[in-house]
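*Asks:* If you scroll down you'll find the structure; I have some questions about it.
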There are 4 protein chains.
Amino acid sequence: MEWKTAITRVEPNRIEVRGYPIAELIQKMTFGQAVFLLLRGEAPSPAQGRMMDAILVATIDHSVTAPSACASRFVASGGTPIQGAVAAGLLAIGSHHGGAIEEAQKMFMDGVEKARAKTIDLGVLATEILENHKSRKMRLPGYGHPYHKKDPRVGALFSLADELSFKGDHSRLSIELEKMSDSVFGRHLQMNADAVMAAIVADMGFDWRMARGFFLISRCAGLVAHSYEEFTRERPFRAVDLNNVKYDGADTRKL
Amino acid sequence: MEWKTAITRVEPNRIEVRGYPIAELIQKMTFGQAVFLLLRGEAPSPAQGRMMDAILVATIDHSVTAPSACASRFVASGGTPIQGAVAAGLLAIGSHHGGAIEEAQKMFMDGVEKARAKTIDLGVLATEILENHKSRKMRLPGYGHPYHKKDPRVGALFSLADELSFKGDHSRLSIELEKMSDSVFGRHLQMNADAVMAAIVADMGFDWRMARGFFLISRCAGLVAHSYEEFTRERPFRAVDLNNVKYDGADTRKL
Amino acid sequence: MEWKTAITRVEPNRIEVRGYPIAELIQKMTFGQAVFLLLRGEAPSPAQGRMMDAILVATIDHSVTAPSACASRFVASGGTPIQGAVAAGLLAIGSHHGGAIEEAQKMFMDGVEKARAKTIDLGVLATEILENHKSRKMRLPGYGHPYHKKDPRVGALFSLADELSFKGDHSRLSIELEKMSDSVFGRHLQMNADAVMAAIVADMGFDWRMARGFFLISRCAGLVAHSYEEFTRERPFRAVDLNNVKYDGADTRKL
Amino acid sequence: MEWKTAITRVEPNRIEVRGYPIAELIQKMTFGQAVFLLLRGEAPSPAQGRMMDAILVATIDHSVTAPSACASRFVASGGTPIQGAVAAGLLAIGSHHGGAIEEAQKMFMDGVEKARAKTIDLGVLATEILENHKSRKMRLPGYGHPYHKKDPRVGALFSLADELSFKGDHSRLSIELEKMSDSVFGRHLQMNADAVMAAIVADMGFDWRMARGFFLISRCAGLVAHSYEEFTRERPFRAVDLNNVKYDGADTRKL
């Protein structure tokens, strides 16, 4: 078994990420810029680097309202070292928690490709997509949020994307979907952080199969913070209060 | 890098665990017997096999009072496949949750070794151990439980160990520790499931570094049950009610 | 947030799995029987319990030819406690490694349901399924194996299922698929352990969404053995030999 | 059970990290600056933010020479989604792989505290520490590396720390330890990336219990890259070549 890799060259006294010596990256790059290089294979322009830092900052934490933070805290409480607590938190970032970034990005990319191929207007295409989801009774990935009606991350990321001239067709389609939702669904479907991240990384040219990766890197920091807080502020073996558990299974019986 | 292993030989059309063809094991062994063979390297006697099955049954589940079940449920809720939910639960089985088996077994083994070397009576040794823990203000691993005053697993496992003639010096020391606790600590320290498992596997001759392994194998089944229940009975993305979260950090401020 | 659960009732000094007091289960059940009760909600007949033990024994380990054992060993090598090493191994049990059990069980259940509804012969149905997979260029889940031409677990499990009178339509369909594969695919598609487990648990009446759970519980034991072996026989921080890594990315460059 | 947290306030339409509105952080901070705020509770100075970005860049990847990347690749190969592959990789960051950061930071902090309390020169103290490790035959955490004689990350990080005026007593002690190693150990103990990170975060005032967290956040990015590369460039179910596995256990036998 040979291991092939095109990411980092490691030889004695030499570490190069995508061809660039690590010492130069340490000297010149922010972490967001280095993530761009690592995942894209090429060094970012200043605007690309700035946008990547902003995306990673946007989802850095969402408190214990997120299942991931809860999972990390229970593992920390069980007395497993911090790498285990953080790993458990990342595990919770599944199709219902972060997964919408991937689905939304794929939806935007497929949509824009179709609009270009058939020269359809993005507003018309948005209506098509919405009607298609409505008729199949499917949720629109990246729209709606359990807590926020107006997610503060959406405006901040789009405003920066505007300033850095990153907003392209994927962002435009994402905005059309929100705009057209009232007439198709009869209620306003607000974009959430998943959709805005998805739209911008699509406009930046990233593969949708990498979309969840940005969220994992970003939230990893939040999970370190929650694990550390649990270790240092709470007593071990935190369990749900027995009064809050309702057993609704079989009554006592004998074999 | 060569991989050396003495566990299972796998060659085309041939699978042998510790030298025994898998077909024979399927035909003749319970899972508890196969676990004994796998972890010990030798086939169990009927009594050893019976005891191992009982140990694995004893800790198969403890509902959501255990941080491990909570961690599994949060990961299942995030929409990660069952292997991720079960893995997160196992991660919670750290030094404060399952870890006491290991610590208790080491304490019993060191104790018995010392008693044998110095021909001290186990009751006297138990008092020494208790006083030592008391003076260093240390918790006695495997004694006391957040819910149970009298853990039903202790009596059941010891009664079977008695019946199968497994109770040796490690079990005796574990019982002496409970008995002597009243006079040394001024309160009764009830053995819990960790201590009884530790005493019995020590009497069966297992390495204490493997102790947590029995609990991992056993509880893995409970975590499968909890993950499945979460997937099939609850709606996705379960989060703690915002009303139950108290933010006690810095007040709103500006950079 | 209330936690509902129908698995285990835990109250002070009381632990009941699916209504049965834990002390009784310890006294009377093998681990396989307890797993049946836990996952099915009802106590098994002797034959159901025997079959479950055999299924759990069958996939208990497959050496380092399995990605799961490799993942466990690398984590153990990094110096994370055993629960982390075992968790990492379970994580590898994804759609390409264990996942076929689930897919195969669903295929058998859908197939048998269709055969019953339309009173089609199982042999005819098997040919339909094979032709459908062939025309869509899809792999048949549970058939073929990277190492074994004739997996020894298949015969042993079916022979026991026969003896215990468990073989039903799902097993029959699984065998027809193998038999008919020569004429449809022009080569013999040998059943592997995934398919035989899937067929038998389907005949036993389990939900296909639980299929992977049996493999997780079983292999958890193998991963404990591999983690322990790595901790006790190898030096820390095992890394792939640098001579076996081929970097095929960008050549050295400057920003 | 109430959940207390001082990290992030989440209320409808409001997300504040350590008191700062997320929109402001997105607009103004690099990811390194946001990590500093998140883990420290206060916004960084420009120099603190710059240093944090550099630290996170330094360990962003080390190819498959690291057990963590191998674990991620095996899990990806098994067909588990990216969050599982990344989690498995983080799990490998245990006491033998990343853990030295924590141990080294504690050693530097205890050392500097002692030097200050007793007004001992740092060079004298370094000699004491080295002799103490030598006499107890203990490895000096953070010194020596399996591949690098002169780790390029060390010079780059210290040079930046110098430029930003961050080098304090912890860095000075770390350098004295390397310098004095020749005379005490009879060979030169080269600092590695663990030690330089540990020295600098100690000089920046971070708790040593958080040390491993910086490495987890940084390497999380590398593990995303490896998981993605495995998913997109390799075929599923990668297993070690059977020719490279040496079974050295019991020979074939019968029950």
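Following the order of the structure tokens, chains are lettered A, B, ..., residues in each are numbered from 1, and ligands are numbered from 1.
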Please tabulate, as CSV, the residues of chain A that come within 6 Å of chain C, each with its closest pair of atoms and the distance in Å to one decimal, counting only C-alpha atoms and ordering rows by chain, then residue number upward.

*Replies:*
```
residue,atom,partner,partner_atom,distance
A:Glu2,CA,C:Asn244,CA,5.4
A:Trp3,CA,C:Val245,CA,4.9
A:Lys4,CA,C:Lys246,CA,4.8
A:Thr5,CA,C:Tyr247,CA,5.1
A:Ala6,CA,C:Gly249,CA,3.7
A:Arg9,CA,C:Tyr247,CA,5.9
A:Arg18,CA,C:Ala250,CA,5.6
A:Gly19,CA,C:Thr252,CA,4.3
A:Tyr20,CA,C:Arg253,CA,5.4
A:Asn244,CA,C:Glu2,CA,5.5
A:Val245,CA,C:Trp3,CA,4.9
A:Lys246,CA,C:Lys4,CA,4.8
A:Tyr247,CA,C:Thr5,CA,5.1
A:Asp248,CA,C:Ala6,CA,4.9
A:Gly249,CA,C:Ala6,CA,3.7
A:Ala250,CA,C:Gly19,CA,5.1
A:Asp251,CA,C:Gly19,CA,5.1
A:Thr252,CA,C:Gly19,CA,4.3
A:Arg253,CA,C:Gly19,CA,5.4
A:Lys254,CA,C:Tyr20,CA,5.8
```

*Asks:* Which neighbours of Phe166 in chain B fall inside 9 Å, counting only C-alpha atoms, when residues of the same chain fewer than 5 positions from it are skipped, and could you give them as a PDB file with N, CA, C and O atoms, in the first residue's frame?

*Replies:*
```
ATOM      1  N   ALA B  47     -17.483 -22.334  32.925  1.00  0.00           N
ATOM      2  CA  ALA B  47     -17.703 -21.343  33.986  1.00  0.00           C
ATOM      3  C   ALA B  47     -17.150 -19.981  33.600  1.00  0.00           C
ATOM      4  O   ALA B  47     -17.796 -18.944  33.825  1.00  0.00           O
ATOM      5  N   GLN B  48     -15.960 -19.940  33.013  1.00  0.00           N
ATOM      6  CA  GLN B  48     -15.381 -18.658  32.585  1.00  0.00           C
ATOM      7  C   GLN B  48     -16.270 -17.991  31.523  1.00  0.00           C
ATOM      8  O   GLN B  48     -16.485 -16.782  31.554  1.00  0.00           O
ATOM      9  N   MET B  51     -19.489 -16.645  33.186  1.00  0.00           N
ATOM     10  CA  MET B  51     -19.203 -15.428  33.965  1.00  0.00           C
ATOM     11  C   MET B  51     -19.017 -14.242  33.025  1.00  0.00           C
ATOM     12  O   MET B  51     -19.493 -13.140  33.309  1.00  0.00           O
ATOM     13  N   PHE B 158     -21.977 -11.140  42.136  1.00  0.00           N
ATOM     14  CA  PHE B 158     -21.256 -11.900  43.165  1.00  0.00           C
ATOM     15  C   PHE B 158     -21.924 -13.249  43.421  1.00  0.00           C
ATOM     16  O   PHE B 158     -21.254 -14.246  43.677  1.00  0.00           O
ATOM     17  N   LEU B 160     -23.496 -15.072  41.255  1.00  0.00           N
ATOM     18  CA  LEU B 160     -23.102 -15.981  40.174  1.00  0.00           C
ATOM     19  C   LEU B 160     -21.635 -16.395  40.327  1.00  0.00           C
ATOM     20  O   LEU B 160     -21.279 -17.563  40.110  1.00  0.00           O
ATOM     21  N   ALA B 161     -20.779 -15.464  40.707  1.00  0.00           N
ATOM     22  CA  ALA B 161     -19.357 -15.773  40.886  1.00  0.00           C
ATOM     23  C   ALA B 161     -19.187 -16.832  41.978  1.00  0.00           C
ATOM     24  O   ALA B 161     -18.335 -17.724  41.872  1.00  0.00           O
ATOM     25  N   SER B 171     -12.030 -10.440  45.003  1.00  0.00           N
ATOM     26  CA  SER B 171     -13.417 -10.236  45.424  1.00  0.00           C
ATOM     27  C   SER B 171     -13.477 -10.066  46.943  1.00  0.00           C
ATOM     28  O   SER B 171     -14.192  -9.201  47.459  1.00  0.00           O
ATOM     29  N   ILE B 200     -14.129  -9.239  39.969  1.00  0.00           N
ATOM     30  CA  ILE B 200     -14.305 -10.541  39.317  1.00  0.00           C
ATOM     31  C   ILE B 200     -13.323 -10.732  38.166  1.00  0.00           C
ATOM     32  O   ILE B 200     -12.698 -11.788  38.038  1.00  0.00           O
ATOM     33  N   ASP B 203     -10.087 -11.612  39.615  1.00  0.00           N
ATOM     34  CA  ASP B 203     -10.078 -13.027  40.038  1.00  0.00           C
ATOM     35  C   ASP B 203     -10.006 -13.989  38.853  1.00  0.00           C
ATOM     36  O   ASP B 203      -9.507 -15.106  38.968  1.00  0.00           O
ATOM     37  N   MET B 204     -10.508 -13.540  37.697  1.00  0.00           N
ATOM     38  CA  MET B 204     -10.435 -14.382  36.499  1.00  0.00           C
ATOM     39  C   MET B 204      -9.070 -14.293  35.827  1.00  0.00           C
ATOM     40  O   MET B 204      -8.794 -15.021  34.866  1.00  0.00           O
TER      41      MET B 204
END
```

*Asks:* Counting only C-alpha atoms, which of A:Pro152, A:His96, A:Val184, A:His145 gets nearest to Phe231 in chain B?

*Replies:* A:His96

*Asks:* Show which residues sit within 12 Å of range 125-135 of chain D, as a ChimeraX atom specification. Count only C-alpha atoms, and ignore same-chain residues fewer than 3 positions away.

*Replies:* /D:104,107-108,110-122,138-141,143,169-189

*Asks:* Enumerate, as JSON, numbers by chain, the complete set of residues in range 96-202 of chain A that a backbone-based DSSP assignment places in helix (DSSP H, G or I).

*Replies:* {"A": [99, 100, 101, 102, 103, 104, 105, 106, 107, 108, 109, 110, 111, 112, 113, 114, 115, 116, 117, 122, 123, 124, 125, 126, 127, 128, 129, 130, 131, 132, 133, 134, 135, 152, 153, 154, 155, 156, 157, 158, 159, 160, 161, 162, 163, 169, 170, 171, 172, 173, 174, 175, 176, 177, 178, 179, 180, 181, 182, 183, 184, 185, 193, 194, 195, 196, 197, 198, 199, 200, 201, 202]}

*Asks:* With a distance cut-off of 8 Å and only C-alpha atoms, select the neighbouring residues of Val64 in chain D, excluding the residue or stretch itself and same-chain residues fewer than 2 positions from it, and output the selection as a PDB file with N, CA and C atoms, in the first residue's frame.

*Replies:*
```pdb
ATOM      1  N   TRP A   3       0.948   5.361  -0.105  1.00  0.00           N
ATOM      2  CA  TRP A   3       0.059   6.484   0.200  1.00  0.00           C
ATOM      3  C   TRP A   3       0.426   7.624  -0.721  1.00  0.00           C
TER       4      TRP A   3
ATOM      5  N   ALA C 239       4.033   5.699  12.748  1.00  0.00           N
ATOM      6  CA  ALA C 239       3.717   6.460  11.545  1.00  0.00           C
ATOM      7  C   ALA C 239       4.125   5.647  10.342  1.00  0.00           C
ATOM      8  N   VAL C 240       3.466   5.932   9.245  1.00  0.00           N
ATOM      9  CA  VAL C 240       3.807   5.276   7.992  1.00  0.00           C
ATOM     10  C   VAL C 240       5.245   5.646   7.641  1.00  0.00           C
ATOM     11  N   VAL C 245       5.462   7.031   1.290  1.00  0.00           N
ATOM     12  CA  VAL C 245       4.564   8.123   0.957  1.00  0.00           C
ATOM     13  C   VAL C 245       5.062   8.786  -0.312  1.00  0.00           C
TER      14      VAL C 245
ATOM     15  N   HIS D  62       0.850  17.948   8.502  1.00  0.00           N
ATOM     16  CA  HIS D  62       2.164  17.287   8.519  1.00  0.00           C
ATOM     17  C   HIS D  62       2.084  15.979   7.744  1.00  0.00           C
ATOM     18  N   ALA D  66       1.788  11.649  10.222  1.00  0.00           N
ATOM     19  CA  ALA D  66       1.109  11.795  11.516  1.00  0.00           C
ATOM     20  C   ALA D  66       0.007  10.730  11.626  1.00  0.00           C
ATOM     21  N   PRO D  67      -0.055  10.013  12.764  1.00  0.00           N
ATOM     22  CA  PRO D  67      -1.111   9.015  12.953  1.00  0.00           C
ATOM     23  C   PRO D  67      -2.511   9.590  12.742  1.00  0.00           C
ATOM     24  N   SER D  68      -2.694  10.880  13.039  1.00  0.00           N
ATOM     25  CA  SER D  68      -4.019  11.481  12.905  1.00  0.00           C
ATOM     26  C   SER D  68      -4.484  11.451  11.450  1.00  0.00           C
ATOM     27  N   ALA D  69      -3.611  11.802  10.522  1.00  0.00           N
ATOM     28  CA  ALA D  69      -4.007  11.796   9.110  1.00  0.00           C
ATOM     29  C   ALA D  69      -4.311  10.367   8.654  1.00  0.00           C
ATOM     30  N   CYS D  70      -3.541   9.391   9.147  1.00  0.00           N
ATOM     31  CA  CYS D  70      -3.797   7.990   8.779  1.00  0.00           C
ATOM     32  C   CYS D  70      -5.171   7.559   9.287  1.00  0.00           C
TER      33      CYS D  70
END
```

*Asks:* Could you list, as a list of chain:residue names, every residue within 8 Å of range 58-60 of chain A, counting only C-alpha atoms and ignoring same-chain residues fewer than 4 positions away?

*Replies:* A:Ala54, A:Arg153, A:Leu157, A:Ala193, A:Phe215, A:Ser218, A:Arg219, A:Cys220, A:Ala221, A:Gly222, D:Ile22, D:Ala23, D:Leu25, D:Ile26

*Asks:* For the atom pair CA of Leu223 in chain C and CA of Met191 in chain C, what is the interatomic distance in Å to one decimal place?

*Replies:*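 Taking CA of Leu223 in chain C and CA of Met191 in chain C, their separation equals 24.4 Å.
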
*Asks:* Please give the complete set of residues from range 29-254 of chain A that DSSP, run on the backbone, assigns to strand (DSSP E or B), formatted as a PyMOL selection string.

*Replies:* chain A and resi 143+191+245-247

*Asks:* So that I have them on file, write out the residues from the current selection with C-alpha atoms, as an mmCIF file, in the first residue's frame.

*Replies:*
```cif
data_model
loop_
_atom_site.group_PDB
_atom_site.id
_atom_site.type_symbol
_atom_site.label_atom_id
_atom_site.label_comp_id
_atom_site.auth_asym_id
_atom_site.auth_seq_id
_atom_site.Cartn_x
_atom_site.Cartn_y
_atom_site.Cartn_z
ATOM 1 C CA TYR A 143 -33.474 28.419 4.724
ATOM 2 C CA MET A 191 -31.668 32.419 4.616
ATOM 3 C CA VAL A 245 -36.430 11.394 32.058
ATOM 4 C CA LYS A 246 -39.673 9.751 31.182
ATOM 5 C CA TYR A 247 -39.491 5.988 30.759
#
```
